[in-house]
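S.K.: What follows is the file target-v2.cif, containing mmCIF, C-alpha atoms (C1' of nucleotides):
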```
data_structure
loop_
_atom_site.group_PDB
_atom_site.id
_atom_site.type_symbol
_atom_site.label_atom_id
_atom_site.label_comp_id
_atom_site.auth_asym_id
_atom_site.auth_seq_id
_atom_site.Cartn_x
_atom_site.Cartn_y
_atom_site.Cartn_z
ATOM 1 C CA MET A 1 -13.640 3.499 -7.137
ATOM 2 C CA SER A 2 -14.755 6.816 -5.763
ATOM 3 C CA TYR A 3 -12.782 9.904 -4.945
ATOM 4 C CA ALA A 4 -12.694 9.073 -1.241
ATOM 5 C CA ASP A 5 -10.893 5.847 -2.120
ATOM 6 C CA GLN A 6 -8.300 7.872 -3.956
ATOM 7 C CA VAL A 7 -7.739 10.014 -0.872
ATOM 8 C CA LEU A 8 -7.442 6.980 1.386
ATOM 9 C CA ASP A 9 -5.024 5.290 -1.000
ATOM 10 C CA ALA A 10 -2.914 8.438 -1.023
ATOM 11 C CA LEU A 11 -2.922 8.582 2.778
ATOM 12 C CA GLY A 12 -2.010 4.910 2.956
ATOM 13 C CA ASP A 13 1.690 5.630 2.488
ATOM 14 C CA PRO A 14 3.882 6.758 5.433
ATOM 15 C CA THR A 15 6.174 8.873 3.276
ATOM 16 C CA ARG A 16 3.230 10.761 1.833
ATOM 17 C CA ARG A 17 1.916 11.401 5.320
ATOM 18 C CA THR A 18 5.236 12.889 6.419
ATOM 19 C CA ILE A 19 5.168 15.108 3.355
ATOM 20 C CA LEU A 20 1.742 16.339 4.382
ATOM 21 C CA LYS A 21 2.964 16.977 7.913
ATOM 22 C CA ARG A 22 5.829 19.032 6.540
ATOM 23 C CA LEU A 23 3.351 21.178 4.652
ATOM 24 C CA ARG A 24 1.420 22.200 7.736
ATOM 25 C CA GLY A 25 1.844 25.892 8.246
ATOM 26 C CA ARG A 26 3.686 27.108 5.221
ATOM 27 C CA ALA A 27 4.113 26.413 1.564
ATOM 28 C CA ARG A 28 7.336 24.641 0.669
ATOM 29 C CA SER A 29 9.309 23.884 -2.451
ATOM 30 C CA VAL A 30 10.060 20.314 -3.424
ATOM 31 C CA ARG A 31 13.631 20.641 -2.208
ATOM 32 C CA GLU A 32 12.533 22.053 1.126
ATOM 33 C CA ILE A 33 10.252 19.090 1.570
ATOM 34 C CA ALA A 34 12.875 16.563 0.516
ATOM 35 C CA ASP A 35 15.659 18.022 2.674
ATOM 36 C CA GLY A 36 15.707 16.199 5.979
ATOM 37 C CA MET A 37 13.731 13.291 4.620
ATOM 38 C CA SER A 38 15.205 9.874 4.049
ATOM 39 C CA VAL A 39 14.140 9.632 0.417
ATOM 40 C CA SER A 40 15.391 11.379 -2.689
ATOM 41 C CA ARG A 41 13.909 14.475 -4.266
ATOM 42 C CA PRO A 42 12.431 12.610 -7.274
ATOM 43 C CA ALA A 43 10.701 10.261 -4.858
ATOM 44 C CA VAL A 44 9.113 13.271 -3.204
ATOM 45 C CA SER A 45 8.110 14.597 -6.613
ATOM 46 C CA GLN A 46 6.358 11.357 -7.416
ATOM 47 C CA HIS A 47 4.533 11.350 -4.109
ATOM 48 C CA LEU A 48 3.468 14.938 -4.655
ATOM 49 C CA LYS A 49 1.932 13.869 -7.937
ATOM 50 C CA VAL A 50 -0.238 11.351 -6.125
ATOM 51 C CA LEU A 51 -1.147 13.844 -3.407
ATOM 52 C CA ARG A 52 -2.074 16.426 -6.016
ATOM 53 C CA ALA A 53 -4.269 13.935 -7.847
ATOM 54 C CA ALA A 54 -6.033 13.239 -4.546
ATOM 55 C CA ARG A 55 -6.407 16.999 -4.008
ATOM 56 C CA LEU A 56 -4.498 16.809 -0.746
ATOM 57 C CA VAL A 57 -2.002 19.398 -1.991
ATOM 58 C CA THR A 58 -1.984 22.186 -4.530
ATOM 59 C CA ASP A 59 0.986 23.730 -6.257
ATOM 60 C CA ARG A 60 1.797 27.056 -7.793
ATOM 61 C CA ALA A 61 4.824 28.187 -9.756
ATOM 62 C CA GLU A 62 7.069 30.794 -8.178
ATOM 63 C CA GLY A 63 9.884 31.498 -10.559
ATOM 64 C CA ALA A 64 11.847 28.360 -11.181
ATOM 65 C CA ARG A 65 10.497 26.896 -7.973
ATOM 66 C CA ARG A 66 7.182 25.260 -7.340
ATOM 67 C CA LEU A 67 5.480 25.804 -4.025
ATOM 68 C CA TYR A 68 3.244 23.155 -2.540
ATOM 69 C CA THR A 69 0.476 23.808 -0.031
ATOM 70 C CA LEU A 70 -2.084 21.708 1.758
ATOM 71 C CA ASP A 71 -5.394 21.467 -0.037
ATOM 72 C CA ALA A 72 -8.494 21.439 2.146
ATOM 73 C CA ARG A 73 -10.543 19.560 -0.436
ATOM 74 C CA GLY A 74 -8.891 16.214 0.215
ATOM 75 C CA ILE A 75 -9.205 16.582 3.951
ATOM 76 C CA GLU A 76 -12.855 17.539 3.653
ATOM 77 C CA ALA A 77 -13.511 14.595 1.363
ATOM 78 C CA LEU A 78 -12.027 12.280 3.958
ATOM 79 C CA ARG A 79 -14.168 13.760 6.688
ATOM 80 C CA ALA A 80 -17.245 13.426 4.519
ATOM 81 C CA TRP A 81 -16.404 9.784 3.831
ATOM 82 C CA LEU A 82 -15.897 9.174 7.511
ATOM 83 C CA ASP A 83 -19.173 10.778 8.538
ATOM 84 C CA GLY A 84 -21.101 9.080 5.746
ATOM 85 C CA PHE A 85 -19.663 5.691 6.518
ATOM 86 C CA TRP A 86 -20.341 5.898 10.193
ATOM 87 C CA GLU A 87 -23.830 7.270 9.714
ATOM 88 C CA GLU A 88 -24.718 4.463 7.340
ATOM 89 C CA ALA A 89 -23.345 1.956 9.798
ATOM 90 C CA LEU A 90 -25.463 3.336 12.622
ATOM 91 C CA ASP A 91 -28.554 3.511 10.434
ATOM 92 C CA ALA A 92 -28.217 -0.069 9.299
ATOM 93 C CA PHE A 93 -27.589 -1.105 12.846
ATOM 94 C CA LYS A 94 -30.706 0.685 14.025
ATOM 95 C CA ASP A 95 -32.773 -0.917 11.262
ATOM 96 C CA ALA A 96 -31.527 -4.321 12.289
ATOM 97 C CA ALA A 97 -32.432 -3.616 15.897
ATOM 98 C CA GLU A 98 -35.928 -2.531 14.906
ATOM 99 C CA ARG A 99 -36.453 -5.580 12.761
ATOM 100 C CA GLU A 100 -35.346 -7.659 15.705
ATOM 101 C CA THR A 101 -37.897 -5.956 17.949
ATOM 102 C CA THR A 102 -40.672 -6.507 15.396
ATOM 103 C CA THR A 103 -39.801 -10.159 15.154
ATOM 104 C CA ARG A 104 -40.089 -10.485 18.882
ATOM 105 C CA ARG A 105 -43.473 -8.776 18.929
ATOM 106 C CA THR A 106 -44.982 -11.040 16.278
ATOM 107 C CA ARG A 107 -43.551 -14.122 17.870
ATOM 108 C CA MET B 1 4.654 5.319 14.063
ATOM 109 C CA SER B 2 1.537 6.213 16.000
ATOM 110 C CA TYR B 3 -1.769 4.432 16.227
ATOM 111 C CA ALA B 4 -3.369 6.778 13.719
ATOM 112 C CA ASP B 5 -0.783 5.662 11.164
ATOM 113 C CA GLN B 6 -1.805 2.090 11.783
ATOM 114 C CA VAL B 7 -5.419 2.978 11.076
ATOM 115 C CA LEU B 8 -4.531 4.840 7.895
ATOM 116 C CA ASP B 9 -2.347 1.981 6.698
ATOM 117 C CA ALA B 10 -5.210 -0.426 7.318
ATOM 118 C CA LEU B 11 -7.607 1.804 5.393
ATOM 119 C CA GLY B 12 -5.126 2.122 2.547
ATOM 120 C CA ASP B 13 -6.212 -1.164 1.010
ATOM 121 C CA PRO B 14 -9.350 -1.367 -1.198
ATOM 122 C CA THR B 15 -10.160 -4.940 -0.173
ATOM 123 C CA ARG B 16 -10.076 -4.003 3.499
ATOM 124 C CA ARG B 17 -12.385 -1.077 2.803
ATOM 125 C CA THR B 18 -14.939 -3.331 1.103
ATOM 126 C CA ILE B 19 -14.762 -5.657 4.091
ATOM 127 C CA LEU B 20 -15.562 -2.712 6.355
ATOM 128 C CA LYS B 21 -18.463 -1.714 4.109
ATOM 129 C CA ARG B 22 -19.843 -5.236 4.333
ATOM 130 C CA LEU B 23 -19.803 -4.988 8.110
ATOM 131 C CA ARG B 24 -22.026 -1.945 8.237
ATOM 132 C CA GLY B 25 -25.242 -2.835 9.935
ATOM 133 C CA ARG B 26 -24.745 -6.356 11.121
ATOM 134 C CA ALA B 27 -22.100 -8.710 12.392
ATOM 135 C CA ARG B 28 -20.937 -11.277 9.880
ATOM 136 C CA SER B 29 -18.909 -14.443 9.879
ATOM 137 C CA VAL B 30 -15.742 -14.719 7.821
ATOM 138 C CA ARG B 31 -17.531 -16.821 5.219
ATOM 139 C CA GLU B 32 -20.369 -14.355 4.950
ATOM 140 C CA ILE B 33 -17.873 -11.610 4.325
ATOM 141 C CA ALA B 34 -15.872 -13.602 1.801
ATOM 142 C CA ASP B 35 -18.927 -14.815 -0.154
ATOM 143 C CA GLY B 36 -19.544 -12.438 -3.013
ATOM 144 C CA MET B 37 -16.064 -11.002 -2.826
ATOM 145 C CA SER B 38 -13.427 -11.618 -5.449
ATOM 146 C CA VAL B 39 -10.813 -12.902 -3.018
ATOM 147 C CA SER B 40 -10.553 -16.154 -1.084
ATOM 148 C CA ARG B 41 -11.630 -16.735 2.478
ATOM 149 C CA PRO B 42 -8.070 -16.946 3.869
ATOM 150 C CA ALA B 43 -7.328 -13.593 2.233
ATOM 151 C CA VAL B 44 -10.278 -12.124 4.099
ATOM 152 C CA SER B 45 -9.018 -13.707 7.310
ATOM 153 C CA GLN B 46 -5.644 -12.047 6.868
ATOM 154 C CA HIS B 47 -7.242 -8.692 6.190
ATOM 155 C CA LEU B 48 -9.411 -9.077 9.272
ATOM 156 C CA LYS B 49 -6.269 -9.579 11.310
ATOM 157 C CA VAL B 50 -4.940 -6.219 10.154
ATOM 158 C CA LEU B 51 -8.291 -4.526 10.732
ATOM 159 C CA ARG B 52 -8.491 -5.996 14.216
ATOM 160 C CA ALA B 53 -4.980 -4.785 15.037
ATOM 161 C CA ALA B 54 -6.054 -1.308 13.927
ATOM 162 C CA ARG B 55 -9.168 -1.613 16.080
ATOM 163 C CA LEU B 56 -11.426 -1.108 13.103
ATOM 164 C CA VAL B 57 -13.226 -4.390 13.792
ATOM 165 C CA THR B 58 -13.827 -6.604 16.779
ATOM 166 C CA ASP B 59 -14.646 -10.281 16.837
ATOM 167 C CA ARG B 60 -16.446 -12.631 19.151
ATOM 168 C CA ALA B 61 -16.794 -16.374 19.055
ATOM 169 C CA GLU B 62 -20.231 -17.808 18.409
ATOM 170 C CA GLY B 63 -19.965 -21.563 18.459
ATOM 171 C CA ALA B 64 -17.634 -22.683 15.733
ATOM 172 C CA ARG B 65 -18.144 -19.401 13.937
ATOM 173 C CA ARG B 66 -16.531 -16.073 14.609
ATOM 174 C CA LEU B 67 -18.559 -12.926 14.183
ATOM 175 C CA TYR B 68 -16.952 -9.675 13.171
ATOM 176 C CA THR B 69 -18.346 -6.225 13.875
ATOM 177 C CA LEU B 70 -17.242 -2.678 13.223
ATOM 178 C CA ASP B 71 -15.241 -1.145 16.041
ATOM 179 C CA ALA B 72 -15.824 2.536 16.707
ATOM 180 C CA ARG B 73 -12.374 3.037 18.204
ATOM 181 C CA GLY B 74 -10.559 2.969 14.866
ATOM 182 C CA ILE B 75 -13.032 5.345 13.296
ATOM 183 C CA GLU B 76 -12.774 7.732 16.223
ATOM 184 C CA ALA B 77 -8.985 7.597 16.087
ATOM 185 C CA LEU B 78 -9.109 8.571 12.445
ATOM 186 C CA ARG B 79 -11.411 11.451 13.173
ATOM 187 C CA ALA B 80 -9.145 12.616 15.982
ATOM 188 C CA TRP B 81 -6.142 12.464 13.670
ATOM 189 C CA LEU B 82 -8.022 14.398 11.027
ATOM 190 C CA ASP B 83 -9.123 17.115 13.420
ATOM 191 C CA GLY B 84 -5.725 17.357 15.039
ATOM 192 C CA PHE B 85 -3.924 17.522 11.758
ATOM 193 C CA TRP B 86 -6.131 20.184 10.333
ATOM 194 C CA GLU B 87 -6.143 22.247 13.494
ATOM 195 C CA GLU B 88 -2.350 22.200 13.654
ATOM 196 C CA ALA B 89 -2.210 23.216 10.024
ATOM 197 C CA LEU B 90 -4.504 26.158 10.603
ATOM 198 C CA ASP B 91 -2.656 27.218 13.754
ATOM 199 C CA ALA B 92 0.715 27.146 12.024
ATOM 200 C CA PHE B 93 -0.786 29.009 9.130
ATOM 201 C CA LYS B 94 -2.174 31.672 11.425
ATOM 202 C CA ASP B 95 1.172 32.001 13.209
ATOM 203 C CA ALA B 96 2.896 32.481 9.895
ATOM 204 C CA ALA B 97 0.392 35.159 8.932
ATOM 205 C CA GLU B 98 0.946 36.989 12.218
ATOM 206 C CA ARG B 99 4.687 36.815 11.830
ATOM 207 C CA GLU B 100 4.240 38.232 8.353
ATOM 208 C CA THR B 101 2.200 41.136 9.716
ATOM 209 C CA THR B 102 4.797 41.871 12.386
ATOM 210 C CA THR B 103 7.521 41.907 9.773
ATOM 211 C CA ARG B 104 5.531 44.389 7.770
ATOM 212 C CA ARG B 105 5.004 46.637 10.792
ATOM 213 C CA THR B 106 8.679 46.727 11.733
ATOM 214 C CA ARG B 107 9.751 47.305 8.181
ATOM 215 C "C1'" DA C 1 25.230 33.017 -24.072
ATOM 216 C "C1'" DC C 2 26.990 30.397 -19.985
ATOM 217 C "C1'" DT C 3 25.865 28.882 -15.580
ATOM 218 C "C1'" DT C 4 23.264 27.358 -11.816
ATOM 219 C "C1'" DA C 5 19.260 25.828 -9.345
ATOM 220 C "C1'" DC C 6 14.859 23.825 -9.736
ATOM 221 C "C1'" DG C 7 11.821 19.994 -10.510
ATOM 222 C "C1'" DG C 8 9.333 16.776 -13.538
ATOM 223 C "C1'" DT C 9 9.828 12.294 -15.830
ATOM 224 C "C1'" DA C 10 11.787 8.068 -17.933
ATOM 225 C "C1'" DA C 11 13.821 3.678 -16.953
ATOM 226 C "C1'" DG C 12 15.108 0.118 -14.089
ATOM 227 C "C1'" DT C 13 15.279 -2.493 -9.656
ATOM 228 C "C1'" DG C 14 13.989 -4.580 -5.337
ATOM 229 C "C1'" DC C 15 10.874 -5.458 -1.754
ATOM 230 C "C1'" DT C 16 6.760 -5.327 0.368
ATOM 231 C "C1'" DC C 17 2.342 -7.318 0.561
ATOM 232 C "C1'" DA C 18 -1.930 -9.077 -1.186
ATOM 233 C "C1'" DC C 19 -3.055 -13.198 -2.859
ATOM 234 C "C1'" DT C 20 -3.196 -18.423 -3.519
ATOM 235 C "C1'" DT C 21 -3.350 -23.492 -1.922
ATOM 236 C "C1'" DA C 22 -2.680 -26.680 1.757
ATOM 237 C "C1'" DC C 23 -3.068 -27.955 6.267
ATOM 238 C "C1'" DC C 24 -4.345 -27.737 10.927
ATOM 239 C "C1'" DG C 25 -7.297 -27.545 15.281
ATOM 240 C "C1'" DC C 26 -11.852 -26.714 17.024
ATOM 241 C "C1'" DA C 27 -17.030 -26.850 17.736
ATOM 242 C "C1'" DC C 28 -21.183 -28.995 16.780
ATOM 243 C "C1'" DT C 29 -24.149 -33.035 14.929
ATOM 244 C "C1'" DA C 30 -25.696 -37.735 13.833
ATOM 245 C "C1'" DT D 1 -16.577 -41.098 17.165
ATOM 246 C "C1'" DA D 2 -16.909 -40.307 12.560
ATOM 247 C "C1'" DG D 3 -18.321 -36.487 9.759
ATOM 248 C "C1'" DT D 4 -19.061 -31.619 8.592
ATOM 249 C "C1'" DG D 5 -18.375 -26.764 8.615
ATOM 250 C "C1'" DC D 6 -15.747 -23.107 10.432
ATOM 251 C "C1'" DG D 7 -11.644 -20.212 10.403
ATOM 252 C "C1'" DG D 8 -6.763 -19.271 11.552
ATOM 253 C "C1'" DT D 9 -2.049 -19.901 9.778
ATOM 254 C "C1'" DA D 10 2.059 -21.576 7.166
ATOM 255 C "C1'" DA D 11 4.363 -21.445 2.807
ATOM 256 C "C1'" DG D 12 5.066 -19.872 -1.633
ATOM 257 C "C1'" DT D 13 4.209 -16.814 -5.660
ATOM 258 C "C1'" DG D 14 3.363 -12.726 -8.382
ATOM 259 C "C1'" DA D 15 2.608 -7.997 -9.048
ATOM 260 C "C1'" DG D 16 2.433 -3.523 -7.803
ATOM 261 C "C1'" DC D 17 4.814 0.279 -6.160
ATOM 262 C "C1'" DA D 18 8.137 2.932 -3.622
ATOM 263 C "C1'" DC D 19 12.511 3.814 -4.494
ATOM 264 C "C1'" DT D 20 16.937 4.864 -7.223
ATOM 265 C "C1'" DT D 21 19.905 7.227 -11.004
ATOM 266 C "C1'" DA D 22 19.980 9.685 -15.203
ATOM 267 C "C1'" DC D 23 18.329 12.994 -18.147
ATOM 268 C "C1'" DC D 24 15.765 16.898 -19.789
ATOM 269 C "C1'" DG D 25 13.427 21.487 -20.067
ATOM 270 C "C1'" DT D 26 12.858 25.897 -17.755
ATOM 271 C "C1'" DA D 27 13.716 30.177 -15.089
ATOM 272 C "C1'" DA D 28 16.763 33.465 -13.205
ATOM 273 C "C1'" DG D 29 21.590 35.322 -12.413
ATOM 274 C "C1'" DT D 30 26.261 36.937 -14.173
#
```
As structure tokens, please, write out the structure in this file.
M.R.:
Amino acid sequence: MSYADQVLDALGDPTRRTILKRLRGRARSVREIADGMSVSRPAVSQHLKVLRAARLVTDRAEGARRLYTLDARGIEALRAWLDGFWEEALDAFKDAAERETTTRRTR
Amino acid sequence: MSYADQVLDALGDPTRRTILKRLRGRARSVREIADGMSVSRPAVSQHLKVLRAARLVTDRAEGARRLYTLDARGIEALRAWLDGFWEEALDAFKDAAERETTTRRTR
DNA sequence: ACTTACGGTAAGTGCTCACTTACCGCACTA
DNA sequence: TAGTGCGGTAAGTGAGCACTTACCGTAAGT
């Protein structure tokens, strides 16, 4: 299982996606993120752990608080996966088309 | 829940991702997809249903068989979500920075 | 030192969901 | 029209995982 899989697994949860949305723009503490959400603060903490492991967020200590920010690395990894996947698909498709043409010629 | 969420939920499962990988290049029947995988054919069928709903695959009948192909719409939707998300994040970040500068000026 | 706010983690629970087997209808062939 | 292969779906099961509450250590304020 590659790193891209880890990112996609992390993005596979709706709650984690809303957390990410709430981090657009400014860094937020865990409580700031949890306030206004339908789940408890520990739940958010656990999700943040997954997001951090997938490098979708980073955290830094600020006194007793802990500020979370979006991490570009996860997003870039996803884009790379996307591009790579699609490129491979097109390549394989093109190869198949060429093989098809060759078959017709030698028929 | 938007369409992009549907795509991300669909991509959140490892088995569904391997199905997509197996569809790169050429169309395959359900049995072709299932052969060589660690799950049963009905399991693959159920996953294909989710992937079709997310417009990540399309299917067409070919006699008694049913051929599945990658669908670009799901991939493009994901890319659009990615770009939109990141752009919004950067915009909000820039706004915050500008507000910060203004605060400093008026201090 | 006492208090208060923060947030990570342990422990337990419930539900979603990815799987299985069984069964069905359908398309083609002999 | 009997037989074969295909694949969708119903029904049931098991496990993972997203939650909860409870507890703990830490940092700053009074």
S.K.: Nearest to chain B among A:Met1, A:Glu87, A:Gly12, A:Leu56, with distances taken over all atoms listed in the file: which residue is it?
M.R.: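 For chain B, the nearest of the given residues is A:Gly12.
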S.K.: After superposing chain A onto chain B (least squares, all C-alpha atoms, pairing by order), export the transformed chain as a tab-separated table (two decimals) with C-alpha atoms, in the frame of the given file.
M.R.:
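out.tsv, freshly written:
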```
chain	number	residue	atom	x	y	z
A	1	MET	CA	4.66	5.35	14.07
A	2	SER	CA	1.54	6.21	15.99
A	3	TYR	CA	-1.76	4.43	16.21
A	4	ALA	CA	-3.38	6.76	13.69
A	5	ASP	CA	-0.78	5.65	11.15
A	6	GLN	CA	-1.80	2.08	11.77
A	7	VAL	CA	-5.43	2.95	11.07
A	8	LEU	CA	-4.54	4.81	7.88
A	9	ASP	CA	-2.35	1.95	6.69
A	10	ALA	CA	-5.21	-0.45	7.31
A	11	LEU	CA	-7.62	1.78	5.38
A	12	GLY	CA	-5.12	2.08	2.55
A	13	ASP	CA	-6.22	-1.20	1.00
A	14	PRO	CA	-9.35	-1.41	-1.22
A	15	THR	CA	-10.18	-4.97	-0.19
A	16	ARG	CA	-10.09	-4.03	3.47
A	17	ARG	CA	-12.39	-1.11	2.79
A	18	THR	CA	-14.94	-3.36	1.09
A	19	ILE	CA	-14.77	-5.67	4.09
A	20	LEU	CA	-15.56	-2.74	6.34
A	21	LYS	CA	-18.46	-1.73	4.10
A	22	ARG	CA	-19.84	-5.24	4.33
A	23	LEU	CA	-19.79	-4.99	8.11
A	24	ARG	CA	-22.00	-1.93	8.24
A	25	GLY	CA	-25.23	-2.85	9.91
A	26	ARG	CA	-24.75	-6.36	11.13
A	27	ALA	CA	-22.10	-8.69	12.41
A	28	ARG	CA	-20.93	-11.26	9.89
A	29	SER	CA	-18.91	-14.44	9.91
A	30	VAL	CA	-15.76	-14.72	7.85
A	31	ARG	CA	-17.54	-16.81	5.25
A	32	GLU	CA	-20.39	-14.34	4.97
A	33	ILE	CA	-17.88	-11.60	4.35
A	34	ALA	CA	-15.90	-13.62	1.82
A	35	ASP	CA	-18.94	-14.83	-0.13
A	36	GLY	CA	-19.55	-12.46	-3.00
A	37	MET	CA	-16.06	-11.04	-2.82
A	38	SER	CA	-13.43	-11.67	-5.44
A	39	VAL	CA	-10.82	-12.95	-3.01
A	40	SER	CA	-10.56	-16.19	-1.08
A	41	ARG	CA	-11.64	-16.74	2.50
A	42	PRO	CA	-8.07	-16.94	3.88
A	43	ALA	CA	-7.34	-13.61	2.24
A	44	VAL	CA	-10.29	-12.14	4.11
A	45	SER	CA	-9.02	-13.72	7.31
A	46	GLN	CA	-5.66	-12.07	6.86
A	47	HIS	CA	-7.25	-8.70	6.20
A	48	LEU	CA	-9.42	-9.08	9.27
A	49	LYS	CA	-6.28	-9.60	11.30
A	50	VAL	CA	-4.96	-6.24	10.14
A	51	LEU	CA	-8.31	-4.54	10.73
A	52	ARG	CA	-8.50	-6.01	14.21
A	53	ALA	CA	-5.00	-4.81	15.03
A	54	ALA	CA	-6.06	-1.32	13.92
A	55	ARG	CA	-9.18	-1.64	16.10
A	56	LEU	CA	-11.43	-1.11	13.10
A	57	VAL	CA	-13.22	-4.40	13.80
A	58	THR	CA	-13.82	-6.60	16.80
A	59	ASP	CA	-14.63	-10.28	16.85
A	60	ARG	CA	-16.43	-12.63	19.16
A	61	ALA	CA	-16.79	-16.39	19.06
A	62	GLU	CA	-20.24	-17.81	18.42
A	63	GLY	CA	-19.97	-21.56	18.41
A	64	ALA	CA	-17.63	-22.66	15.69
A	65	ARG	CA	-18.15	-19.36	13.92
A	66	ARG	CA	-16.53	-16.05	14.61
A	67	LEU	CA	-18.57	-12.91	14.19
A	68	TYR	CA	-16.94	-9.66	13.17
A	69	THR	CA	-18.33	-6.21	13.89
A	70	LEU	CA	-17.23	-2.67	13.23
A	71	ASP	CA	-15.22	-1.14	16.04
A	72	ALA	CA	-15.83	2.53	16.73
A	73	ARG	CA	-12.37	3.03	18.21
A	74	GLY	CA	-10.57	2.97	14.88
A	75	ILE	CA	-13.04	5.34	13.30
A	76	GLU	CA	-12.77	7.73	16.23
A	77	ALA	CA	-8.99	7.59	16.09
A	78	LEU	CA	-9.12	8.56	12.43
A	79	ARG	CA	-11.42	11.46	13.15
A	80	ALA	CA	-9.17	12.61	15.96
A	81	TRP	CA	-6.15	12.45	13.65
A	82	LEU	CA	-8.02	14.39	11.02
A	83	ASP	CA	-9.13	17.12	13.41
A	84	GLY	CA	-5.72	17.36	15.04
A	85	PHE	CA	-3.91	17.54	11.75
A	86	TRP	CA	-6.14	20.19	10.32
A	87	GLU	CA	-6.12	22.25	13.49
A	88	GLU	CA	-2.34	22.20	13.62
A	89	ALA	CA	-2.21	23.22	9.99
A	90	LEU	CA	-4.50	26.19	10.59
A	91	ASP	CA	-2.62	27.21	13.72
A	92	ALA	CA	0.73	27.15	11.99
A	93	PHE	CA	-0.76	29.03	9.10
A	94	LYS	CA	-2.14	31.69	11.42
A	95	ASP	CA	1.22	32.02	13.18
A	96	ALA	CA	2.92	32.51	9.86
A	97	ALA	CA	0.41	35.17	8.90
A	98	GLU	CA	0.96	37.00	12.18
A	99	ARG	CA	4.70	36.87	11.82
A	100	GLU	CA	4.27	38.28	8.35
A	101	THR	CA	2.18	41.15	9.71
A	102	THR	CA	4.77	41.90	12.41
A	103	THR	CA	7.51	41.98	9.84
A	104	ARG	CA	5.58	44.49	7.83
A	105	ARG	CA	5.00	46.70	10.86
A	106	THR	CA	8.67	46.83	11.83
A	107	ARG	CA	9.75	47.43	8.29
```
S.K.: Which residues come within 12 Å of DG14 of chain C, counting all atoms listed in the file, excluding same-chain residues fewer than 2 positions away, as a ChimeraX atom specification?
M.R.: /C:12,16 /D:16-20
S.K.: Within 10 Å of chain D, which residues of chain A are there when counting only C-alpha atoms (C1' of nucleotides)? Please give them as a PyMOL selection string.
M.R.: chain A and resi 13+15+39-40+42-43+46-47+62-65
S.K.: Please enumerate the residues selected by the PyMOL selection byres ((chain C) within 9 of (chain B)) when evaluated against the supplied file, formatted as a PyMOL selection string.
M.R.: chain C and resi 18-20+26-28
S.K.: Deliver the residues from the most recent selection as a file, using C-alpha atoms (C1' of nucleotides), as an mmCIF file, keeping the file's coordinate frame.
M.R.:
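Now in selection23.cif:
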```
data_model
loop_
_atom_site.group_PDB
_atom_site.id
_atom_site.type_symbol
_atom_site.label_atom_id
_atom_site.label_comp_id
_atom_site.auth_asym_id
_atom_site.auth_seq_id
_atom_site.Cartn_x
_atom_site.Cartn_y
_atom_site.Cartn_z
ATOM 1 C "C1'" DA C 18 -1.930 -9.077 -1.186
ATOM 2 C "C1'" DC C 19 -3.055 -13.198 -2.859
ATOM 3 C "C1'" DT C 20 -3.196 -18.423 -3.519
ATOM 4 C "C1'" DC C 26 -11.852 -26.714 17.024
ATOM 5 C "C1'" DA C 27 -17.030 -26.850 17.736
ATOM 6 C "C1'" DC C 28 -21.183 -28.995 16.780
#
```
S.K.: Please report as a Markdown table every residue of chain B lying within 6 Å of chain A, along with the nearest atom pair and their distance in Å (one decimal), using all atoms listed in the file.
M.R.:
```
| residue | atom | partner | partner_atom | distance |
| --- | --- | --- | --- | --- |
| B:Leu8 | CA | A:Gly12 | CA | 5.5 |
| B:Asp9 | CA | A:Gly12 | CA | 4.8 |
| B:Gly12 | CA | A:Gly12 | CA | 4.2 |
| B:Arg24 | CA | A:Ala89 | CA | 4.4 |
| B:Gly25 | CA | A:Ala92 | CA | 4.1 |
| B:Ala89 | CA | A:Arg24 | CA | 4.4 |
| B:Ala92 | CA | A:Gly25 | CA | 4.1 |
| B:Phe93 | CA | A:Gly25 | CA | 4.2 |
```
S.K.: Could you work out how far atom CA of Arg41 of chain A lies from atom CA of Leu67 of chain A, giving the answer in Å with one decimal?
M.R.: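 Atom-to-atom, atom CA of Leu67 of chain A to atom CA of Arg41 of chain A, that is 14.1 Å.
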S.K.: Quick check, in Å to one decimal: how far apart do atom CA of Ile33 of chain B and atom CA of Ile19 of chain B lie?
M.R.: 6.7 Å
S.K.: Neighbouring residues of Arg31 of chain A were defined as those with any atom within 9 Å, considering only C-alpha atoms (C1' of nucleotides); residues of the same chain fewer than 6 positions away were excluded. Please report them as a VMD selection string.
M.R.: (chain A and resid 41 44) or (chain C and resid 6 to 7)
S.K.: Would you compute the distance between atom CA of Asp35 of chain A and atom CA of Thr69 of chain A? Give it in Å to one decimal.
M.R.: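 Separating atom CA of Asp35 of chain A from atom CA of Thr69 of chain A is a distance of 16.5 Å.
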S.K.: Tell me which protein, DNA and RNA residues are within 7 Å of Val30 of chain A, counting all atoms listed in the file, leaving out same-chain ones fewer than 3 positions away, and put them as a VMD selection string.
M.R.: chain A and resid 33 to 34 45 66
S.K.: Could I see segment 3-7 of chain A restored to N, CA and C atoms, set down as a PDB file, in the frame of the given file?
M.R.:
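The result, stored in part_20.pdb:
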```pdb
ATOM      1  N   TYR A   3     -13.825   8.947  -5.276  1.00  0.00           N
ATOM      2  CA  TYR A   3     -12.782   9.904  -4.945  1.00  0.00           C
ATOM      3  C   TYR A   3     -12.234   9.688  -3.540  1.00  0.00           C
ATOM      4  N   ALA A   4     -13.139   9.327  -2.619  1.00  0.00           N
ATOM      5  CA  ALA A   4     -12.694   9.073  -1.241  1.00  0.00           C
ATOM      6  C   ALA A   4     -11.670   7.942  -1.207  1.00  0.00           C
ATOM      7  N   ASP A   5     -11.863   6.941  -2.042  1.00  0.00           N
ATOM      8  CA  ASP A   5     -10.893   5.847  -2.120  1.00  0.00           C
ATOM      9  C   ASP A   5      -9.533   6.366  -2.557  1.00  0.00           C
ATOM     10  N   GLN A   6      -9.552   7.285  -3.481  1.00  0.00           N
ATOM     11  CA  GLN A   6      -8.300   7.872  -3.956  1.00  0.00           C
ATOM     12  C   GLN A   6      -7.576   8.586  -2.816  1.00  0.00           C
ATOM     13  N   VAL A   7      -8.322   9.306  -2.016  1.00  0.00           N
ATOM     14  CA  VAL A   7      -7.739  10.014  -0.872  1.00  0.00           C
ATOM     15  C   VAL A   7      -7.157   9.015   0.125  1.00  0.00           C
TER      16      VAL A   7
END
```
